[in-house]
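Asker: Okay, here's the structure, questions in a sec.
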Amino acid sequence: MVWKFFFARIRQAQSQNFKIMSSKKNLVVVAMILIMSYTILNAFHDVEEMKVVEPARTTEAPVADLIPAKPVPAEAGQPAEMPKGCVFKTVFGEENVDSDFVLKAPAKVSFAIDEALEWMAKAQLENGGFGAGTHSRQGVLNPHAVKADPATTAMVSMAILRSGSTLTKGPFANNLKQALEYLLTQVEESGDNEYNITNLTGTQPQIKLGQNIDVVLTSQFFTNLLDHLSNNSTIRERVVKYNNKCLLKIQKSMADNGSVRGAGWAGVLQSSFATNALETAQEKGLNVDEEKLEQAKSYQKNNFDVKTNKAATEDGAGVMLYSLSSTARSSAKEAREAKDFVAKAKKEGKISSEEPVTVDNLKKSGLSESEALRYGTAYEINKAANKQAQQDDVMEGFGSNGGEEFLSYLQTGEGLIMSKDHDWKKWYTNVTGRLVKIQNDDGSWNGHHCITSPVFCTATALLILSVNNDVQQLMAKK
């Protein structure tokens, strides 16, 4: 490395008793050497990154052609950089600052994130995608010995985005651009009448989560990316166009009960992520059928019985964690809205300050009977599911760590934040402590059953460890 050469020269000068720091003249020389080394290092770095991937086949201009390789000033109309912490707007449009939800990642967690990001960047394949490998070859852990698949690529892309890099800035901007181009091409080349966006079958995410998990996770990433794209950009137009194509596929794949067809071993997780994808897309004004979304949310809520305080695990491989985390995440938005309705009613003097969230109090806040029942039920389900999902015996999941456990932890954490549950800090400390302890020496994580892929598991672990970066966005969902 160039910088090592220059520092070696400085140390050599010191060993020969050249008093480098003794005069202003030599200080200038040292400064010039350091500046030159930094400049040359960046030049080498840019050349190295620019030659990694050939453009994927597409009829539209590739992402890399539309965005310079180096960071550029924000375009007019481009959203400002998302602040971290909790300065958010509630459903009533009131700005709030709640220190209870602001949490800086501990040093050991930040170090684990940095190590994981470096490892993951090296796992990118030549076509810009990332792969988990097949279910029939779960023992293959080399990220370059598998084919790219959209589900894993979307998970990695969401992890990079949440960790601070965008298409125009951050150390992994080029990785994100290449992954986006891969995903856009996959959607573009998929048939309109097909449920999924890939011809690949038998991948670990598909077998364990569901046959249509690729389109579900890709849609979620496209929606998350919109906050970082200018309103008049060509890239935004492509992302919106192909996200709407994904959303149509998701809604076509839904059964009458609100679940997604083609369920895998833990199909409840596929359906939960589909619900999340539809919900967040609707908030961005994309093409989502309200009736389909309500069916999806009802399916998740029906997996938990408030009266018996038990979750249905038939679609969750018999594992309580999978069902509980899915229910907690899918009911979180309505649970938070229920709290906000009651808080507003207290502020307006409609009910006393000590009143809890109940169906009666929701009616007093101004909701109709059907609305009060809907939000009240969601609140009770979310509260019970959140509590159980954090119990040690439930968090053990299948008994060992697999990709499904990582996904369940992710859903629980996001649900706690979205529902304004003050236990989220306790959960974050517990789960991040678990993850840091089991991180591999090379910076990755891998599963020990079912989804064993180090790429998929590392991406999911990163989404968990950096969830505090998205507190504002998660709590501001309307």
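Residues in the structure tokens are numbered from 1 in each chain, the chains being A, B, ... in the order shown, and ligands are numbered from 1 in the order shown.
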Excluding same-chain residues fewer than 4 positions from Leu200 (chain A), what lies within 12 Å of it counting only C-alpha atoms, as a list in words?
Answerer: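 Within the cut-off, the hits are Gly131, Ala132, Gly133, Thr134, His135, Val146, Lys147, Ala148, Asp149, Pro150, Ala151, Gln186, Ser190, Asn196, Gln204, Pro205, Gln206, Ile207, Gln211, Asn212, Ile213 and Asp214 of chain A.
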Asker: So that I can check the surroundings of region 362-370 of chain A, please list as a list in words every protein, DNA and RNA residue that reaches within 8 Å of it, counting only C-alpha atoms and ignoring chain neighbours fewer than 4 positions away.
Answerer: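 Here the qualifying residues turn out to be Ala338, Phe341, Val342, Lys344, Ala345, Lys350, Ile351, Val357, Thr358, Arg374, Tyr375 and Gly376 of chain A.
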Asker: Residues near Ala159 (chain A), anyone? I mean within 7 Å using only C-alpha atoms, not counting same-chain ones fewer than 6 positions away, as a PyMOL selection string.
Answerer: chain A and resi 459+462-463
Asker: Please, could you write that set of residues out with N, CA and C atoms as an mmCIF file, in the first residue's frame?
Answerer:
data_model
loop_
_atom_site.group_PDB
_atom_site.id
_atom_site.type_symbol
_atom_site.label_atom_id
_atom_site.label_comp_id
_atom_site.auth_asym_id
_atom_site.auth_seq_id
_atom_site.Cartn_x
_atom_site.Cartn_y
_atom_site.Cartn_z
ATOM 1 N N ALA A 459 -26.123 -9.887 6.683
ATOM 2 C CA ALA A 459 -26.973 -8.751 6.322
ATOM 3 C C ALA A 459 -28.066 -8.537 7.362
ATOM 4 N N LEU A 462 -26.635 -7.143 10.573
ATOM 5 C CA LEU A 462 -26.338 -5.718 10.415
ATOM 6 C C LEU A 462 -27.595 -4.869 10.538
ATOM 7 N N LEU A 463 -28.694 -5.339 9.986
ATOM 8 C CA LEU A 463 -29.955 -4.608 10.099
ATOM 9 C C LEU A 463 -30.397 -4.497 11.557
#
Asker: Pick out the closest residue to Leu293 (chain A) from this set: A:Leu180, A:Leu209, A:Val260, A:Leu269. Count only C-alpha atoms.
Answerer: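 When distances to Leu293 (chain A) are compared using only C-alpha atoms, the smallest one comes from A:Val260.
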Asker: If you measure from CA of Gln295 (chain A) to CA of Ala332 (chain A), what distance in Å do you get, rounded to one decimal?
Answerer: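 Atom-to-atom, CA of Gln295 (chain A) and CA of Ala332 (chain A) are spaced 15.8 Å apart.
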Asker: With distances taken over only C-alpha atoms, which of A:Glu334, A:Glu414, A:Asp423, A:Glu290 is nearest to Ile464 (chain A)?
Answerer: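 Looking at the shortest contact to Ile464 (chain A), the residue is A:Glu414.
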Asker: Please provide the set of residues having any atom within 8 Å of region 105-109 of chain A, restricted to only C-alpha atoms, with same-chain residues fewer than 6 positions apart removed, written as a PyMOL selection string.
Answerer: chain A and resi 432+436+465-466+468
Asker: Write a file of the selected residues as a short mmCIF file (atom, residue, chain, number, x, y, z; two decimals), in the first residue's frame, keeping C-alpha atoms.
Answerer:
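Output file result-v6.cif follows:
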data_model
loop_
_atom_site.label_atom_id
_atom_site.label_comp_id
_atom_site.auth_asym_id
_atom_site.auth_seq_id
_atom_site.Cartn_x
_atom_site.Cartn_y
_atom_site.Cartn_z
CA THR A 432 -26.78 -6.96 20.24
CA VAL A 436 -21.51 -9.64 19.07
CA LEU A 465 -27.24 -3.90 15.06
CA SER A 466 -27.89 -0.65 13.19
CA ASN A 468 -31.02 2.55 16.11
#
Asker: One number please: CA of Glu337 (chain A) to CA of Asn257 (chain A), in Å, one decimal.
Answerer: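 CA of Asn257 (chain A) lies at a distance of 24.2 Å from CA of Glu337 (chain A).
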Asker: When you count only C-alpha atoms, which of these residues is closest to Ser253 (chain A): A:Phe130, A:Gly210, A:Asn287, A:Arg236?
Answerer: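 Going through A:Phe130, A:Gly210, A:Asn287, A:Arg236 one by one, the smallest distance to Ser253 (chain A) is for A:Gly210.
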Asker: Could you give me, as a list in words, the residues within 7 Å of region 248-250 of chain A, counting only C-alpha atoms and dropping anything in the same chain fewer than 3 positions from it?
Answerer: Tyr195, Asn196, Val216, Asn244, Lys245, Ser253 and Met254 of chain A
Asker: Name all residues at most 10 Å from Ala121 (chain A) (count only C-alpha atoms; drop same-chain ones fewer than 6 positions away) and give them as a PyMOL selection string.
Answerer: chain A and resi 130+156+160+171-172+174-176+455
Asker: Write the residues of the preceding selection, restricted to C-alpha atoms, as a JSON list (two decimals), in the first residue's frame.
Answerer:
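Written file, selection10.json:
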[["chain", "number", "residue", "atom", "x", "y", "z"],
["A", 130, "PHE", "CA", -25.19, -11.35, -3.48],
["A", 156, "VAL", "CA", -27.60, -6.72, 1.90],
["A", 160, "ILE", "CA", -25.82, -1.01, 3.60],
["A", 171, "PRO", "CA", -17.77, 3.87, 1.69],
["A", 172, "PHE", "CA", -20.18, 1.34, 0.15],
["A", 174, "ASN", "CA", -20.52, 1.63, -5.34],
["A", 175, "ASN", "CA", -21.60, -1.69, -3.83],
["A", 176, "LEU", "CA", -25.11, -0.31, -3.39],
["A", 455, "VAL", "CA", -24.16, -13.42, 3.49]]
Asker: Can you list, as number ranges by chain, every residue of region 160-254 of chain A that DSSP puts in helix (DSSP H, G or I)?
Answerer: A: 160-162, 173-189, 204-208, 213-228, 234-252
